[in-house]
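**Student:** Supplied structure: protein-v1.pdb, PDB, C-alpha atoms.
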```pdb
ATOM      1  CA  MET A 281     -43.044   5.346 -15.512
ATOM      2  CA  ASN A 282     -44.592   6.679 -12.351
ATOM      3  CA  PRO A 283     -47.703   4.601 -11.575
ATOM      4  CA  THR A 284     -49.442   7.605 -10.102
ATOM      5  CA  ARG A 285     -49.201   9.372 -13.426
ATOM      6  CA  ILE A 286     -51.762   7.095 -15.005
ATOM      7  CA  LEU A 287     -54.529   6.373 -12.545
ATOM      8  CA  LYS A 288     -55.411   6.517  -8.919
ATOM      9  CA  ARG A 289     -55.096   3.245  -7.016
ATOM     10  CA  PRO A 290     -58.714   2.115  -7.375
ATOM     11  CA  ALA A 291     -58.228   1.926 -11.130
ATOM     12  CA  VAL A 292     -55.961  -1.060 -10.836
ATOM     13  CA  ALA A 293     -59.023  -3.162 -10.537
ATOM     14  CA  ALA A 294     -61.760  -0.931 -11.679
ATOM     15  CA  THR A 295     -60.711  -0.245 -15.195
ATOM     16  CA  VAL A 296     -57.740  -2.171 -16.489
ATOM     17  CA  LEU A 297     -58.510  -5.275 -14.470
ATOM     18  CA  SER A 298     -62.208  -4.938 -13.970
ATOM     19  CA  ALA A 299     -63.467  -6.983 -16.875
ATOM     20  CA  ALA A 300     -61.055  -9.799 -16.462
ATOM     21  CA  LEU A 301     -60.479  -9.731 -12.765
ATOM     22  CA  LEU A 302     -63.981  -8.494 -12.180
ATOM     23  CA  GLY A 303     -62.047  -6.052 -10.207
ATOM     24  CA  ALA A 304     -59.791  -8.575  -8.706
ATOM     25  CA  CYS A 305     -58.676  -5.540  -6.831
ATOM     26  CA  SER A 306     -61.590  -3.218  -6.995
ATOM     27  CA  PHE A 307     -64.664  -4.853  -5.573
ATOM     28  CA  ALA A 308     -66.061  -3.127  -2.558
ATOM     29  CA  THR A 309     -65.093  -4.718   0.691
ATOM     30  CA  THR A 310     -65.343  -3.937   4.319
ATOM     31  CA  PRO A 311     -62.543  -4.093   6.844
ATOM     32  CA  THR A 312     -61.388  -7.676   7.232
ATOM     33  CA  GLN A 313     -59.126  -9.283   9.806
ATOM     34  CA  ALA A 314     -55.953 -10.278   7.944
ATOM     35  CA  ASN A 315     -54.270 -13.586   8.636
ATOM     36  CA  ALA A 316     -51.032 -12.871  10.458
ATOM     37  CA  GLN A 317     -49.041 -14.695   7.790
ATOM     38  CA  SER A 318     -50.624 -12.982   4.828
ATOM     39  CA  GLY A 319     -50.018  -9.355   5.698
ATOM     40  CA  PRO A 320     -52.360  -6.354   5.629
ATOM     41  CA  VAL A 321     -55.622  -6.490   3.735
ATOM     42  CA  LEU A 322     -56.922  -3.643   1.607
ATOM     43  CA  ASN A 323     -60.603  -2.876   1.480
ATOM     44  CA  THR A 324     -62.857  -0.464  -0.317
ATOM     45  CA  SER A 325     -63.085   1.939   2.564
ATOM     46  CA  GLN A 326     -59.344   2.414   2.062
ATOM     47  CA  PHE A 327     -59.616   3.051  -1.694
ATOM     48  CA  GLN A 328     -60.350   6.743  -1.436
ATOM     49  CA  THR A 329     -57.928   7.245   1.436
ATOM     50  CA  LYS A 330     -55.037   5.487  -0.257
ATOM     51  CA  GLY A 331     -55.850   6.924  -3.666
ATOM     52  CA  ALA A 332     -56.567  10.467  -2.573
ATOM     53  CA  SER A 333     -52.939  11.488  -2.431
ATOM     54  CA  LEU A 334     -52.201  10.220  -5.929
ATOM     55  CA  GLN A 335     -52.586  12.298  -9.035
ATOM     56  CA  ALA A 336     -54.476  10.865 -11.991
ATOM     57  CA  ALA A 337     -54.165  11.672 -15.657
ATOM     58  CA  PRO A 338     -57.354  12.923 -17.308
ATOM     59  CA  LEU A 339     -59.720  10.059 -17.954
ATOM     60  CA  PRO A 340     -63.052   9.856 -19.784
ATOM     61  CA  PRO A 341     -66.056  10.272 -17.456
ATOM     62  CA  ALA A 342     -67.090   6.615 -17.762
ATOM     63  CA  CYS A 343     -63.596   5.540 -16.730
ATOM     64  CA  GLN A 344     -63.716   7.854 -13.736
ATOM     65  CA  GLU A 345     -67.000   6.202 -12.789
ATOM     66  CA  ALA A 346     -65.416   2.785 -13.207
ATOM     67  CA  ILE A 347     -62.575   3.813 -10.925
ATOM     68  CA  PHE A 348     -64.431   5.544  -8.165
ATOM     69  CA  LYS A 349     -67.827   3.857  -8.170
ATOM     70  CA  THR A 350     -67.027   0.227  -8.829
ATOM     71  CA  GLY A 351     -67.190  -0.400  -5.097
ATOM     72  CA  GLU A 352     -70.822   0.643  -5.153
ATOM     73  CA  LYS A 353     -71.543  -1.983  -7.782
ATOM     74  CA  PHE A 354     -69.800  -4.771  -5.821
ATOM     75  CA  PRO A 355     -70.521  -4.111  -2.130
ATOM     76  CA  THR A 356     -68.895  -7.227  -0.710
ATOM     77  CA  THR A 357     -68.671  -7.819   3.012
ATOM     78  CA  ARG A 358     -65.976 -10.520   3.269
ATOM     79  CA  TYR A 359     -63.839 -10.417   0.135
ATOM     80  CA  ALA A 360     -60.638  -8.430   0.635
ATOM     81  CA  ILE A 361     -57.427  -7.702  -1.229
ATOM     82  CA  PRO A 362     -54.073  -8.186   0.534
ATOM     83  CA  ASP A 363     -51.616  -5.324   0.145
ATOM     84  CA  GLU A 364     -49.016  -7.474  -1.604
ATOM     85  CA  PRO A 365     -51.036  -8.172  -4.780
ATOM     86  CA  TRP A 366     -52.614  -4.733  -4.628
ATOM     87  CA  ASN A 367     -49.215  -3.049  -4.753
ATOM     88  CA  ALA A 368     -48.022  -5.422  -7.464
ATOM     89  CA  PHE A 369     -51.056  -4.586  -9.618
ATOM     90  CA  LEU A 370     -50.474  -0.897  -9.045
ATOM     91  CA  ALA A 371     -46.876  -1.246 -10.230
ATOM     92  CA  ALA A 372     -47.937  -3.269 -13.272
ATOM     93  CA  VAL A 373     -50.517  -0.682 -14.264
ATOM     94  CA  GLY A 374     -47.872   1.989 -13.801
ATOM     95  CA  ASN A 375     -45.761   0.221 -16.402
ATOM     96  CA  LEU A 376     -48.447   0.060 -19.086
ATOM     97  CA  SER A 377     -47.409   1.437 -22.436
ATOM     98  CA  GLU A 378     -49.138   4.465 -23.913
ATOM     99  CA  GLU A 379     -50.838   2.147 -26.377
ATOM    100  CA  GLU A 380     -52.193   0.049 -23.510
ATOM    101  CA  GLN A 381     -53.297   3.125 -21.594
ATOM    102  CA  ALA A 382     -55.177   4.259 -24.680
ATOM    103  CA  LEU A 383     -57.529   1.307 -24.257
ATOM    104  CA  LEU A 384     -59.197   3.154 -21.389
ATOM    105  CA  THR A 385     -61.787   4.806 -23.597
ATOM    106  CA  GLU A 386     -65.230   6.211 -22.867
ATOM    107  CA  PRO A 387     -67.067   3.447 -24.803
ATOM    108  CA  ALA A 388     -65.033   0.655 -23.203
ATOM    109  CA  CYS A 389     -65.500   1.972 -19.672
ATOM    110  CA  ALA A 390     -69.201   2.647 -20.294
ATOM    111  CA  THR A 391     -69.580  -0.963 -21.406
ATOM    112  CA  TRP A 392     -67.862  -2.131 -18.231
ATOM    113  CA  ASN A 393     -70.040   0.089 -16.043
ATOM    114  CA  LYS A 394     -73.223  -1.241 -17.611
ATOM    115  CA  TRP A 395     -72.053  -4.831 -17.204
ATOM    116  CA  ALA A 396     -71.036  -4.218 -13.591
ATOM    117  CA  VAL A 397     -74.423  -2.734 -12.682
ATOM    118  CA  THR A 398     -76.294  -5.631 -14.269
ATOM    119  CA  ASN A 399     -74.097  -8.353 -12.800
ATOM    120  CA  GLY A 400     -73.015  -6.707  -9.555
ATOM    121  CA  PRO A 401     -75.322  -8.566  -7.148
ATOM    122  CA  ALA A 402     -74.396 -12.021  -8.453
ATOM    123  CA  VAL A 403     -70.675 -11.258  -8.575
ATOM    124  CA  THR A 404     -70.711  -9.751  -5.097
ATOM    125  CA  THR A 405     -72.367 -12.810  -3.599
ATOM    126  CA  GLU A 406     -69.941 -15.142  -5.339
ATOM    127  CA  LEU A 407     -66.883 -13.211  -4.214
ATOM    128  CA  ASP A 408     -68.028 -13.209  -0.599
ATOM    129  CA  ASN A 409     -68.976 -16.884  -0.597
ATOM    130  CA  ARG A 410     -65.816 -18.030  -2.326
ATOM    131  CA  TYR A 411     -63.634 -15.903  -0.066
ATOM    132  CA  ARG A 412     -65.360 -17.302   3.030
ATOM    133  CA  ASN A 413     -65.038 -20.911   1.843
ATOM    134  CA  ALA A 414     -61.433 -20.773   0.604
ATOM    135  CA  ALA A 415     -58.613 -21.931   2.851
ATOM    136  CA  ALA A 416     -56.473 -19.438   4.743
ATOM    137  CA  PRO A 417     -54.232 -17.467   4.540
ATOM    138  CA  ALA A 418     -55.952 -14.354   3.203
ATOM    139  CA  CYS A 419     -53.782 -14.284   0.069
ATOM    140  CA  ASN A 420     -55.125 -17.705  -0.900
ATOM    141  CA  LYS A 421     -58.699 -16.733  -0.052
ATOM    142  CA  TRP A 422     -58.347 -13.674  -2.299
ATOM    143  CA  ALA A 423     -56.692 -15.554  -5.192
ATOM    144  CA  VAL A 424     -59.192 -18.418  -5.103
ATOM    145  CA  ALA A 425     -62.251 -16.161  -4.844
ATOM    146  CA  THR A 426     -61.059 -13.800  -7.548
ATOM    147  CA  LEU A 427     -59.977 -16.381 -10.081
ATOM    148  CA  ALA A 428     -63.043 -18.608  -9.690
ATOM    149  CA  THR A 429     -65.377 -15.625 -10.071
ATOM    150  CA  VAL A 430     -63.495 -14.316 -13.080
ATOM    151  CA  LYS A 431     -63.507 -17.705 -14.784
ATOM    152  CA  LYS A 432     -67.243 -17.958 -14.352
ATOM    153  CA  HIS A 433     -68.055 -14.481 -15.612
ATOM    154  CA  ALA A 434     -65.370 -13.876 -18.230
ATOM    155  CA  PRO A 435     -67.500 -15.405 -21.015
ATOM    156  CA  GLU A 436     -70.209 -12.836 -20.224
ATOM    157  CA  VAL A 437     -67.970  -9.795 -20.663
ATOM    158  CA  PRO A 438     -69.232  -7.809 -23.668
ATOM    159  CA  ALA A 439     -67.306  -8.101 -26.922
ATOM    160  CA  GLU A 440     -66.749  -4.328 -26.810
ATOM    161  CA  TYR A 441     -64.483  -4.914 -23.837
ATOM    162  CA  ALA A 442     -62.382  -7.667 -25.437
ATOM    163  CA  ALA A 443     -59.247  -5.543 -25.782
ATOM    164  CA  GLN A 444     -59.402  -4.491 -22.154
ATOM    165  CA  GLU A 445     -59.918  -8.086 -21.041
ATOM    166  CA  LYS A 446     -56.868  -9.134 -23.024
ATOM    167  CA  LEU A 447     -54.868  -6.447 -21.254
ATOM    168  CA  ALA A 448     -56.262  -7.544 -17.907
ATOM    169  CA  LYS A 449     -55.165 -11.123 -18.570
ATOM    170  CA  LYS A 450     -51.680  -9.891 -19.408
ATOM    171  CA  VAL A 451     -51.463  -7.869 -16.197
ATOM    172  CA  TRP A 452     -52.890 -10.720 -14.109
ATOM    173  CA  THR A 453     -50.360 -13.216 -15.474
ATOM    174  CA  GLU A 454     -47.493 -10.786 -15.022
ATOM    175  CA  VAL A 455     -48.420  -9.983 -11.425
ATOM    176  CA  MET A 456     -49.155 -13.554 -10.346
ATOM    177  CA  THR A 457     -45.928 -14.779 -11.957
ATOM    178  CA  LYS A 458     -43.910 -12.174 -10.096
ATOM    179  CA  LEU A 459     -45.621 -12.791  -6.767
ATOM    180  CA  SER A 460     -45.202 -16.552  -7.112
ATOM    181  CA  THR A 461     -41.470 -15.985  -6.592
ATOM    182  CA  THR A 462     -41.339 -12.785  -4.517
ATOM    183  CA  ALA A 463     -44.210 -13.023  -2.027
ATOM    184  CA  ALA A 464     -43.007 -13.044   1.569
ATOM    185  CA  ASP A 465     -45.106 -16.011   2.689
ATOM    186  CA  PRO A 466     -44.502 -19.483   1.156
ATOM    187  CA  ALA A 467     -48.231 -20.277   1.238
ATOM    188  CA  CYS A 468     -48.927 -17.086  -0.688
ATOM    189  CA  ARG A 469     -46.239 -17.902  -3.256
ATOM    190  CA  ALA A 470     -47.939 -21.248  -3.833
ATOM    191  CA  SER A 471     -51.348 -19.581  -4.205
ATOM    192  CA  TYR A 472     -50.057 -17.063  -6.694
ATOM    193  CA  ASN A 473     -48.264 -19.776  -8.632
ATOM    194  CA  THR A 474     -51.536 -21.685  -8.974
ATOM    195  CA  ALA A 475     -53.399 -18.534  -9.988
ATOM    196  CA  LYS A 476     -50.925 -17.308 -12.603
ATOM    197  CA  ALA A 477     -52.410 -19.443 -15.374
ATOM    198  CA  GLY A 478     -55.416 -17.161 -15.210
ATOM    199  CA  TRP A 479     -58.699 -17.899 -16.876
TER
END
```
What does this structure look like when you write it as structure tokens?

**Tutor:**
Amino acid sequence: MNPTRILKRPAVAATVLSAALLGACSFATTPTQANAQSGPVLNTSQFQTKGASLQAAPLPPACQEAIFKTGEKFPTTRYAIPDEPWNAFLAAVGNLSEEEQALLTEPACATWNKWAVTNGPAVTTELDNRYRNAAAPACNKWAVATLATVKKHAPEVPAEYAAQEKLAKKVWTEVMTKLSTTAADPACRASYNTAKAGW
């Protein structure tokens, strides 16, 4: 299945992964210097640029908000997503079944949006602080910051979003498992291997 058929790039984190990853891939970031060993880093300012050329299937309005406005709810300044996991998440979302895609409903996305607005400031601060304090390379900083923040906030995710969180866990495990063997940098493979157990 063509990943662009489902959602634009920002959705990887904003909808499917947002509850569980707290946007592991969708929190707003600003341009960040990537560690030479970890590869390019994706940031929110690139979301629209990289996603603009992709075609999205029709989505409920709340899901469109989750995709395109999640960055406004999590305006981080340090936290950044390396291209390698970003692309892996995009591919995983592109392989979702129709049944899994059907979980992106108006009520579910509205629940996520409300949660993100309420919890955005705390999550943003945590992501930035954890990213700053984690050891290089950038892939490890991203994995550590994301997973620790998700673990802390996962119990707060509304029950109405339980099915989406379950899907997010599945995608997270799948992506981290793959990257733990395919990532170009050995340090990144180790980071992804540690993170694959999820939350």

**Student:** CA of Ala414 in chain A to CA of Ala372 in chain A: how many Å, to one decimal?

**Tutor:** 26.1 Å

**Student:** With the PyMOL selection byres ((chain A and resi 390-401) around 7) as the selection, what would be picked from this file? Answer as a ChimeraX atom specification, please.

**Tutor:** /A:299,342,346,353-354,386-389,402-405,440-441

**Student:** Can I get the selected residues back with C-alpha atoms, as a PDB file, in the coordinates of the input?

**Tutor:**
```pdb
ATOM      1  CA  ALA A 299     -63.467  -6.983 -16.875  1.00  0.00           C
ATOM      2  CA  ALA A 342     -67.090   6.615 -17.762  1.00  0.00           C
ATOM      3  CA  ALA A 346     -65.416   2.785 -13.207  1.00  0.00           C
ATOM      4  CA  LYS A 353     -71.543  -1.983  -7.782  1.00  0.00           C
ATOM      5  CA  PHE A 354     -69.800  -4.771  -5.821  1.00  0.00           C
ATOM      6  CA  GLU A 386     -65.230   6.211 -22.867  1.00  0.00           C
ATOM      7  CA  PRO A 387     -67.067   3.447 -24.803  1.00  0.00           C
ATOM      8  CA  ALA A 388     -65.033   0.655 -23.203  1.00  0.00           C
ATOM      9  CA  CYS A 389     -65.500   1.972 -19.672  1.00  0.00           C
ATOM     10  CA  ALA A 402     -74.396 -12.021  -8.453  1.00  0.00           C
ATOM     11  CA  VAL A 403     -70.675 -11.258  -8.575  1.00  0.00           C
ATOM     12  CA  THR A 404     -70.711  -9.751  -5.097  1.00  0.00           C
ATOM     13  CA  THR A 405     -72.367 -12.810  -3.599  1.00  0.00           C
ATOM     14  CA  GLU A 440     -66.749  -4.328 -26.810  1.00  0.00           C
ATOM     15  CA  TYR A 441     -64.483  -4.914 -23.837  1.00  0.00           C
TER      16      TYR A 441
END
```

**Student:** For Glu445 in chain A, which residue among A:Leu459, A:Ile347, A:Glu352, A:Leu383 is the nearest when counting all atoms listed in the file?

**Tutor:**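 Closest residue, counting all atoms listed in the file: A:Leu383.
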
**Student:** Enumerate, as an mmCIF file with C-alpha atoms, in the frame of the given file, the protein, DNA and RNA residues whose atoms approach (-64.5, -11.8, -0.6) to within 7 Å, taking into account only C-alpha atoms and the coordinate frame of the file.

**Tutor:**
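Everything below was put into result-v9.cif:
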```
data_model
loop_
_atom_site.group_PDB
_atom_site.id
_atom_site.type_symbol
_atom_site.label_atom_id
_atom_site.label_comp_id
_atom_site.auth_asym_id
_atom_site.auth_seq_id
_atom_site.Cartn_x
_atom_site.Cartn_y
_atom_site.Cartn_z
ATOM 1 C CA THR A 356 -68.895 -7.227 -0.710
ATOM 2 C CA THR A 357 -68.671 -7.819 3.012
ATOM 3 C CA ARG A 358 -65.976 -10.520 3.269
ATOM 4 C CA TYR A 359 -63.839 -10.417 0.135
ATOM 5 C CA ALA A 360 -60.638 -8.430 0.635
ATOM 6 C CA LEU A 407 -66.883 -13.211 -4.214
ATOM 7 C CA ASP A 408 -68.028 -13.209 -0.599
ATOM 8 C CA ASN A 409 -68.976 -16.884 -0.597
ATOM 9 C CA ARG A 410 -65.816 -18.030 -2.326
ATOM 10 C CA TYR A 411 -63.634 -15.903 -0.066
ATOM 11 C CA ARG A 412 -65.360 -17.302 3.030
ATOM 12 C CA TRP A 422 -58.347 -13.674 -2.299
ATOM 13 C CA ALA A 425 -62.251 -16.161 -4.844
#
```

**Student:** Quick one: residues within 12 Å of Ala415 in chain A, only C-alpha atoms, excluding same-chain residues fewer than 6 positions away - as a PyMOL selection string?

**Tutor:** chain A and resi 315+421-425+467-468+471

**Student:** Box time for range 463-475 of chain A: axis-aligned, enclosing all its listed atoms, 8 Å extra on each side; report centre and edge lengths in Å to one decimal, as lines of an AutoDock Vina configuration file.

**Tutor:**
```
center_x = -48.2
center_y = -17.4
center_z = -3.6
size_x = 26.4
size_y = 24.7
size_z = 28.7
```

**Student:** Could you list the residues chosen by the PyMOL selection byres ((chain A and resi 452) around 8) in this structure as a VMD selection string?

**Tutor:** chain A and resid 297 301 369 448 to 451 453 to 456 476 478

**Student:** Given the selection you just returned, output its residues as a file containing C-alpha atoms, formatted as a PDB file, in the frame of the given file.

**Tutor:**
```pdb
ATOM      1  CA  LEU A 297     -58.510  -5.275 -14.470  1.00  0.00           C
ATOM      2  CA  LEU A 301     -60.479  -9.731 -12.765  1.00  0.00           C
ATOM      3  CA  PHE A 369     -51.056  -4.586  -9.618  1.00  0.00           C
ATOM      4  CA  ALA A 448     -56.262  -7.544 -17.907  1.00  0.00           C
ATOM      5  CA  LYS A 449     -55.165 -11.123 -18.570  1.00  0.00           C
ATOM      6  CA  LYS A 450     -51.680  -9.891 -19.408  1.00  0.00           C
ATOM      7  CA  VAL A 451     -51.463  -7.869 -16.197  1.00  0.00           C
ATOM      8  CA  THR A 453     -50.360 -13.216 -15.474  1.00  0.00           C
ATOM      9  CA  GLU A 454     -47.493 -10.786 -15.022  1.00  0.00           C
ATOM     10  CA  VAL A 455     -48.420  -9.983 -11.425  1.00  0.00           C
ATOM     11  CA  MET A 456     -49.155 -13.554 -10.346  1.00  0.00           C
ATOM     12  CA  LYS A 476     -50.925 -17.308 -12.603  1.00  0.00           C
ATOM     13  CA  GLY A 478     -55.416 -17.161 -15.210  1.00  0.00           C
TER      14      GLY A 478
END
```

**Student:** Provide the CA of Glu364 in chain A to CA of Pro417 in chain A distance in Å, to one decimal place.

**Tutor:**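 Pair CA of Glu364 in chain A / CA of Pro417 in chain A returns 12.8 Å.
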
**Student:** Return the single residue from A:Asn473, A:Thr457, A:Thr385, A:Asn413 that is closest to Ala368 in chain A, with distances computed using all atoms listed in the file.

**Tutor:** A:Thr457

**Student:** A:Ala477, A:Ala382, A:Leu376, A:Leu339: which is nearest Lys431 in chain A, counting only C-alpha atoms?

**Tutor:** A:Ala477

**Student:** At what distance in Å, to one decimal, does CA of His433 in chain A lie from CA of Pro466 in chain A?

**Tutor:**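 A separation of 29.3 Å between them.
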
**Student:** From the set A:Gln444, A:Thr350, A:Thr426, A:Gln344, which residue has the shortest atom-to-atom contact distance to Tyr472 in chain A, counting all atoms listed in the file?

**Tutor:** A:Thr426
